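K.L.:
See data.pdb below, with PDB, C-alpha atoms.
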```pdb
ATOM      1  CA  GLN A1082     -39.205 -58.739 -59.504  1.00  0.00           C
ATOM      2  CA  ASN A1083     -36.482 -56.331 -60.546  1.00  0.00           C
ATOM      3  CA  GLU A1084     -37.439 -53.779 -63.160  1.00  0.00           C
ATOM      4  CA  PRO A1085     -36.240 -50.340 -64.291  1.00  0.00           C
ATOM      5  CA  ILE A1086     -37.915 -47.649 -62.160  1.00  0.00           C
ATOM      6  CA  ASP A1087     -38.190 -44.013 -63.205  1.00  0.00           C
ATOM      7  CA  LEU A1088     -37.686 -42.339 -59.823  1.00  0.00           C
ATOM      8  CA  GLN A1089     -39.138 -39.007 -60.943  1.00  0.00           C
ATOM      9  CA  SER A1090     -42.462 -40.638 -61.851  1.00  0.00           C
ATOM     10  CA  LEU A1091     -42.464 -42.868 -58.779  1.00  0.00           C
ATOM     11  CA  LEU A1092     -41.860 -39.875 -56.515  1.00  0.00           C
ATOM     12  CA  LYS A1093     -44.643 -37.830 -58.106  1.00  0.00           C
ATOM     13  CA  GLU A1094     -47.115 -40.710 -57.675  1.00  0.00           C
ATOM     14  CA  THR A1095     -46.035 -41.336 -54.081  1.00  0.00           C
ATOM     15  CA  ILE A1096     -46.213 -37.638 -53.197  1.00  0.00           C
ATOM     16  CA  ALA A1097     -49.788 -37.569 -54.526  1.00  0.00           C
ATOM     17  CA  GLU A1098     -50.644 -40.477 -52.224  1.00  0.00           C
ATOM     18  CA  ALA A1099     -48.938 -38.824 -49.241  1.00  0.00           C
ATOM     19  CA  SER A1100     -50.787 -35.567 -49.964  1.00  0.00           C
ATOM     20  CA  ALA A1101     -54.083 -37.371 -49.400  1.00  0.00           C
ATOM     21  CA  HIS A1102     -52.744 -38.673 -46.055  1.00  0.00           C
ATOM     22  CA  ALA A1103     -51.686 -35.169 -44.998  1.00  0.00           C
ATOM     23  CA  SER A1104     -54.626 -33.167 -46.378  1.00  0.00           C
ATOM     24  CA  HIS A1105     -56.405 -32.970 -43.007  1.00  0.00           C
ATOM     25  CA  LYS A1106     -53.430 -30.935 -41.721  1.00  0.00           C
ATOM     26  CA  ASN A1107     -53.235 -28.831 -44.907  1.00  0.00           C
ATOM     27  CA  ILE A1108     -49.657 -29.976 -45.507  1.00  0.00           C
ATOM     28  CA  ARG A1109     -48.079 -29.338 -48.889  1.00  0.00           C
ATOM     29  CA  PHE A1110     -45.263 -31.269 -50.551  1.00  0.00           C
ATOM     30  CA  ASP A1111     -42.894 -29.277 -52.785  1.00  0.00           C
ATOM     31  CA  PHE A1112     -40.999 -31.468 -55.257  1.00  0.00           C
ATOM     32  CA  ILE A1113     -37.714 -30.381 -56.807  1.00  0.00           C
ATOM     33  CA  GLY A1114     -35.965 -32.663 -59.234  1.00  0.00           C
ATOM     34  CA  ASN A1115     -35.955 -32.518 -63.014  1.00  0.00           C
ATOM     35  CA  THR A1116     -33.084 -34.962 -63.137  1.00  0.00           C
ATOM     36  CA  PRO A1117     -33.964 -38.142 -65.017  1.00  0.00           C
ATOM     37  CA  SER A1118     -32.902 -41.087 -62.899  1.00  0.00           C
ATOM     38  CA  THR A1119     -33.580 -44.771 -63.212  1.00  0.00           C
ATOM     39  CA  VAL A1120     -32.891 -47.415 -60.607  1.00  0.00           C
ATOM     40  CA  THR A1121     -33.406 -51.160 -60.731  1.00  0.00           C
ATOM     41  CA  GLY A1122     -35.707 -52.750 -58.220  1.00  0.00           C
ATOM     42  CA  GLU A1123     -39.212 -53.433 -57.094  1.00  0.00           C
ATOM     43  CA  SER A1124     -41.359 -50.339 -57.524  1.00  0.00           C
ATOM     44  CA  ALA A1125     -44.009 -51.382 -54.965  1.00  0.00           C
ATOM     45  CA  LEU A1126     -41.355 -51.779 -52.246  1.00  0.00           C
ATOM     46  CA  LEU A1127     -39.643 -48.496 -53.063  1.00  0.00           C
ATOM     47  CA  SER A1128     -42.948 -46.659 -53.276  1.00  0.00           C
ATOM     48  CA  ARG A1129     -44.004 -47.981 -49.837  1.00  0.00           C
ATOM     49  CA  ALA A1130     -40.623 -47.048 -48.330  1.00  0.00           C
ATOM     50  CA  ILE A1131     -40.815 -43.504 -49.720  1.00  0.00           C
ATOM     51  CA  LEU A1132     -44.450 -43.224 -48.614  1.00  0.00           C
ATOM     52  CA  ASN A1133     -43.414 -44.180 -45.059  1.00  0.00           C
ATOM     53  CA  LEU A1134     -40.828 -41.368 -45.057  1.00  0.00           C
ATOM     54  CA  LEU A1135     -43.325 -38.844 -46.469  1.00  0.00           C
ATOM     55  CA  GLU A1136     -46.057 -39.836 -44.002  1.00  0.00           C
ATOM     56  CA  ASN A1137     -43.615 -39.604 -41.071  1.00  0.00           C
ATOM     57  CA  ALA A1138     -42.602 -36.127 -42.219  1.00  0.00           C
ATOM     58  CA  ALA A1139     -46.269 -35.121 -42.392  1.00  0.00           C
ATOM     59  CA  ASP A1140     -47.137 -36.716 -39.043  1.00  0.00           C
ATOM     60  CA  PHE A1141     -44.372 -34.821 -37.257  1.00  0.00           C
ATOM     61  CA  SER A1142     -45.020 -31.495 -39.020  1.00  0.00           C
ATOM     62  CA  PRO A1143     -47.284 -28.754 -37.725  1.00  0.00           C
ATOM     63  CA  PRO A1144     -50.492 -27.921 -39.627  1.00  0.00           C
ATOM     64  CA  ASP A1145     -50.081 -25.798 -42.778  1.00  0.00           C
ATOM     65  CA  ALA A1146     -46.449 -26.884 -43.169  1.00  0.00           C
ATOM     66  CA  THR A1147     -44.537 -27.509 -46.369  1.00  0.00           C
ATOM     67  CA  ILE A1148     -42.363 -30.589 -46.798  1.00  0.00           C
ATOM     68  CA  LEU A1149     -39.554 -30.324 -49.318  1.00  0.00           C
ATOM     69  CA  VAL A1150     -38.842 -33.407 -51.445  1.00  0.00           C
ATOM     70  CA  SER A1151     -35.850 -33.373 -53.768  1.00  0.00           C
ATOM     71  CA  LEU A1152     -34.341 -35.814 -56.234  1.00  0.00           C
ATOM     72  CA  GLY A1153     -30.717 -35.438 -57.222  1.00  0.00           C
ATOM     73  CA  VAL A1154     -28.030 -37.619 -58.742  1.00  0.00           C
ATOM     74  CA  THR A1155     -24.314 -38.176 -58.319  1.00  0.00           C
ATOM     75  CA  ASP A1156     -22.166 -40.167 -60.756  1.00  0.00           C
ATOM     76  CA  ASP A1157     -23.609 -43.468 -59.572  1.00  0.00           C
ATOM     77  CA  SER A1158     -26.495 -42.765 -57.175  1.00  0.00           C
ATOM     78  CA  ALA A1159     -29.916 -41.201 -56.976  1.00  0.00           C
ATOM     79  CA  ILE A1160     -30.525 -39.229 -53.791  1.00  0.00           C
ATOM     80  CA  ILE A1161     -34.024 -38.572 -52.485  1.00  0.00           C
ATOM     81  CA  ALA A1162     -34.125 -36.035 -49.667  1.00  0.00           C
ATOM     82  CA  ILE A1163     -37.245 -35.322 -47.604  1.00  0.00           C
ATOM     83  CA  ARG A1164     -37.071 -32.323 -45.294  1.00  0.00           C
ATOM     84  CA  ASP A1165     -39.745 -31.354 -42.830  1.00  0.00           C
ATOM     85  CA  TYR A1166     -39.943 -28.262 -40.657  1.00  0.00           C
ATOM     86  CA  GLY A1167     -41.282 -29.966 -37.541  1.00  0.00           C
ATOM     87  CA  PRO A1168     -39.616 -30.139 -34.118  1.00  0.00           C
ATOM     88  CA  GLY A1169     -36.817 -32.436 -35.264  1.00  0.00           C
ATOM     89  CA  LEU A1170     -35.686 -35.602 -33.560  1.00  0.00           C
ATOM     90  CA  PRO A1171     -34.584 -35.956 -29.947  1.00  0.00           C
ATOM     91  CA  ASP A1172     -30.862 -36.763 -29.730  1.00  0.00           C
ATOM     92  CA  TYR A1173     -31.505 -39.860 -27.597  1.00  0.00           C
ATOM     93  CA  ALA A1174     -33.633 -41.384 -30.387  1.00  0.00           C
ATOM     94  CA  LEU A1175     -31.223 -40.878 -33.306  1.00  0.00           C
ATOM     95  CA  PRO A1176     -29.233 -44.129 -32.887  1.00  0.00           C
ATOM     96  CA  ARG A1177     -32.418 -46.223 -32.552  1.00  0.00           C
ATOM     97  CA  LEU A1178     -34.729 -44.840 -35.248  1.00  0.00           C
ATOM     98  CA  PHE A1179     -34.346 -47.793 -37.607  1.00  0.00           C
ATOM     99  CA  GLU A1180     -34.765 -50.455 -34.900  1.00  0.00           C
ATOM    100  CA  ARG A1181     -37.814 -52.682 -35.212  1.00  0.00           C
ATOM    101  CA  PHE A1182     -40.589 -51.602 -32.794  1.00  0.00           C
ATOM    102  CA  TYR A1183     -38.811 -48.394 -31.720  1.00  0.00           C
ATOM    103  CA  SER A1184     -41.272 -45.515 -31.963  1.00  0.00           C
ATOM    104  CA  LEU A1185     -41.605 -41.899 -30.904  1.00  0.00           C
ATOM    105  CA  LYS A1186     -44.818 -40.243 -29.797  1.00  0.00           C
ATOM    106  CA  HIS A1187     -46.367 -37.905 -32.319  1.00  0.00           C
ATOM    107  CA  GLN A1188     -46.340 -34.533 -30.617  1.00  0.00           C
ATOM    108  CA  LEU A1189     -49.785 -33.447 -31.752  1.00  0.00           C
ATOM    109  CA  THR A1190     -51.689 -36.679 -31.137  1.00  0.00           C
ATOM    110  CA  GLY A1191     -49.578 -38.252 -28.401  1.00  0.00           C
ATOM    111  CA  ARG A1192     -49.912 -41.575 -30.241  1.00  0.00           C
ATOM    112  CA  LYS A1193     -46.985 -43.822 -31.052  1.00  0.00           C
ATOM    113  CA  GLY A1194     -46.529 -45.676 -34.302  1.00  0.00           C
ATOM    114  CA  THR A1195     -45.819 -49.394 -34.580  1.00  0.00           C
ATOM    115  CA  GLY A1196     -42.080 -48.888 -34.882  1.00  0.00           C
ATOM    116  CA  LEU A1197     -42.064 -50.848 -38.135  1.00  0.00           C
ATOM    117  CA  GLY A1198     -42.113 -48.073 -40.762  1.00  0.00           C
ATOM    118  CA  LEU A1199     -38.495 -46.948 -40.579  1.00  0.00           C
ATOM    119  CA  CYS A1200     -37.290 -50.523 -40.132  1.00  0.00           C
ATOM    120  CA  PHE A1201     -39.108 -51.368 -43.379  1.00  0.00           C
ATOM    121  CA  VAL A1202     -37.560 -48.332 -45.129  1.00  0.00           C
ATOM    122  CA  LYS A1203     -34.068 -49.457 -44.094  1.00  0.00           C
ATOM    123  CA  GLU A1204     -34.684 -53.026 -45.290  1.00  0.00           C
ATOM    124  CA  ALA A1205     -36.131 -51.812 -48.611  1.00  0.00           C
ATOM    125  CA  ALA A1206     -33.125 -49.515 -49.122  1.00  0.00           C
ATOM    126  CA  GLU A1207     -30.694 -52.350 -48.409  1.00  0.00           C
ATOM    127  CA  LEU A1208     -32.580 -54.746 -50.715  1.00  0.00           C
ATOM    128  CA  HIS A1209     -31.981 -52.158 -53.449  1.00  0.00           C
ATOM    129  CA  HIS A1210     -28.272 -51.894 -52.500  1.00  0.00           C
ATOM    130  CA  GLY A1211     -28.876 -48.413 -51.090  1.00  0.00           C
ATOM    131  CA  SER A1212     -29.045 -46.717 -47.719  1.00  0.00           C
ATOM    132  CA  VAL A1213     -31.233 -44.402 -45.678  1.00  0.00           C
ATOM    133  CA  THR A1214     -30.345 -41.818 -43.053  1.00  0.00           C
ATOM    134  CA  LEU A1215     -32.499 -39.681 -40.798  1.00  0.00           C
ATOM    135  CA  LYS A1216     -31.056 -36.737 -38.906  1.00  0.00           C
ATOM    136  CA  ASN A1217     -31.869 -33.267 -37.694  1.00  0.00           C
ATOM    137  CA  HIS A1218     -31.463 -30.511 -40.261  1.00  0.00           C
ATOM    138  CA  PRO A1219     -29.096 -27.759 -39.054  1.00  0.00           C
ATOM    139  CA  ASP A1220     -31.846 -25.164 -39.667  1.00  0.00           C
ATOM    140  CA  GLY A1221     -34.531 -27.152 -37.838  1.00  0.00           C
ATOM    141  CA  GLY A1222     -36.794 -30.059 -38.695  1.00  0.00           C
ATOM    142  CA  ALA A1223     -35.727 -33.501 -39.833  1.00  0.00           C
ATOM    143  CA  LEU A1224     -34.006 -34.658 -43.007  1.00  0.00           C
ATOM    144  CA  ALA A1225     -34.454 -38.169 -44.390  1.00  0.00           C
ATOM    145  CA  THR A1226     -32.122 -39.180 -47.204  1.00  0.00           C
ATOM    146  CA  LEU A1227     -32.615 -42.299 -49.330  1.00  0.00           C
ATOM    147  CA  THR A1228     -29.665 -43.136 -51.592  1.00  0.00           C
ATOM    148  CA  LEU A1229     -30.053 -45.727 -54.349  1.00  0.00           C
ATOM    149  CA  PRO A1230     -27.617 -46.905 -57.026  1.00  0.00           C
ATOM    150  CA  LEU A1231     -28.504 -45.729 -60.532  1.00  0.00           C
ATOM    151  CA  GLN A1232     -29.240 -48.334 -63.170  1.00  0.00           C
ATOM    152  CA  SER A1233     -26.029 -49.057 -65.039  1.00  0.00           C
TER     153      SER A1233
END
```
Take the structure in the file and write it out as structure tokens.
P.N.:
Amino acid sequence: QNEPIDLQSLLKETIAEASAHASHKNIRFDFIGNTPSTVTGESALLSRAILNLLENAADFSPPDATILVSLGVTDDSAIIAIRDYGPGLPDYALPRLFERFYSLKHQLTGRKGTGLGLCFVKEAAELHHGSVTLKNHPDGGALATLTLPLQS
């Protein structure tokens, strides 16, 4: 069911949920984005997609880390950026990150995920006529960017 979604509110709610997931590692989420932005879509799907990105950032971050979450807008798009300060992504994995069942080991636990989270994020982005990228930040860590068209 498509509905108008206030991204600022959705992000704040989703960050609160991710904070509970990351509390055992004492990870903090800093949110920057006083830009009102509304997209059209299904809030439960978008919330789950953003939560997957936030939880991945937390899982691959060291204890006591800060994850930066920002919301910005261009003329026609809302851009959500999630930056962690973990080890970053191995080059060999970059082309396969959004493949179903492809998963990397978490460095601290040695466990692998299901390989479905990022695939779901990509599908949710595309269902909302948007896109998602995940790359290494030039200053270290990983940067996930979710771009969604603004409500017209």
K.L.:
Between A:Gly1222, A:Thr1119, A:Gly1198, A:Arg1129, which has the minimum distance to Thr1147 (chain A) (counting all atoms listed in the file)?
P.N.:
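So, comparing all the options, the nearest one is A:Gly1222.
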K.L.:
Could you state the separation of CA of Asp1156 (chain A) and CA of Pro1085 (chain A) in Å, given to one decimal place?
P.N.:
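These two atoms are separated by 17.7 Å.
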K.L.:
Between CA of Gly1221 (chain A) and CA of Val1154 (chain A), what is the spacing in Å?
P.N.:
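So the answer is 24.3 Å.
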K.L.:
Would you list the contacts of Asp1111 (chain A) as a list in words, taking every protein, DNA or RNA residue within 12 Å and counting only C-alpha atoms, but skipping same-chain residues closer than 2 positions in sequence?
P.N.:
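Selected residues are Leu1092, Lys1093, Ile1096, Ala1097, Ala1099, Ser1100, Ile1108, Arg1109, Ile1113, Gly1114, Leu1135, Ala1146, Thr1147, Ile1148, Leu1149, Val1150, Ser1151, Leu1152, Ala1162, Ile1163, Arg1164 and Asp1165 of chain A.
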K.L.:
On this structure, the PyMOL selection byres ((chain A and resi 1208-1210) around 10) would catch which residues? List them as a short mmCIF file (atom, residue, chain, number, x, y, z; two decimals) with C-alpha atoms, in the frame of the given file, sorted by chain and number.
P.N.:
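Below you can see expr21.cif, which holds the result:
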```cif
data_model
loop_
_atom_site.label_atom_id
_atom_site.label_comp_id
_atom_site.auth_asym_id
_atom_site.auth_seq_id
_atom_site.Cartn_x
_atom_site.Cartn_y
_atom_site.Cartn_z
CA ASN A 1083 -36.48 -56.33 -60.55
CA VAL A 1120 -32.89 -47.42 -60.61
CA THR A 1121 -33.41 -51.16 -60.73
CA GLY A 1122 -35.71 -52.75 -58.22
CA GLU A 1123 -39.21 -53.43 -57.09
CA LEU A 1126 -41.36 -51.78 -52.25
CA LEU A 1127 -39.64 -48.50 -53.06
CA VAL A 1202 -37.56 -48.33 -45.13
CA LYS A 1203 -34.07 -49.46 -44.09
CA GLU A 1204 -34.68 -53.03 -45.29
CA ALA A 1205 -36.13 -51.81 -48.61
CA ALA A 1206 -33.12 -49.52 -49.12
CA GLU A 1207 -30.69 -52.35 -48.41
CA GLY A 1211 -28.88 -48.41 -51.09
CA SER A 1212 -29.04 -46.72 -47.72
CA THR A 1228 -29.66 -43.14 -51.59
CA LEU A 1229 -30.05 -45.73 -54.35
CA PRO A 1230 -27.62 -46.90 -57.03
#
```
K.L.:
What is the distance, in Å and to one decimal place, between CA of Arg1181 (chain A) and CA of Thr1214 (chain A)?
P.N.:
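These atoms are spaced 15.3 Å apart.
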K.L.:
Measuring between all atoms listed in the file, which one of A:Ser1118, A:Asn1107, A:Ser1124, A:Asp1172 shows the shortest distance to Asp1145 (chain A)?
P.N.:
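Closest candidate: A:Asn1107.
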K.L.:
Using the chain letters and residue numbers of this document, give as a ChimeraX atom specification the residues selected by the PyMOL selection byres ((chain A and resi 1141) around 9).
P.N.:
/A:1136-1140,1142-1143,1165-1169,1187-1189
K.L.:
Which one is closest to Ala1130 (chain A): A:Ile1160, A:Glu1180, A:Leu1227, A:Tyr1173? Count all atoms listed in the file.
P.N.:
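Answer, going by the shortest atom-to-atom distance: A:Leu1227.
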K.L.:
Nearest to Glu1084 (chain A) among A:Pro1219, A:Gln1232, A:Pro1144, A:Ser1104, with distances taken over all atoms listed in the file: which residue is it?
P.N.:
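Result for the nearest residue to Glu1084 (chain A): A:Gln1232.
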K.L.:
Restricting the calculation to only C-alpha atoms, which member of A:Ile1086, A:Lys1216, A:Pro1117, A:His1102 is positioned closest to Leu1175 (chain A)?
P.N.:
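Going through A:Ile1086, A:Lys1216, A:Pro1117, A:His1102 one by one, the smallest distance to Leu1175 (chain A) is for A:Lys1216.
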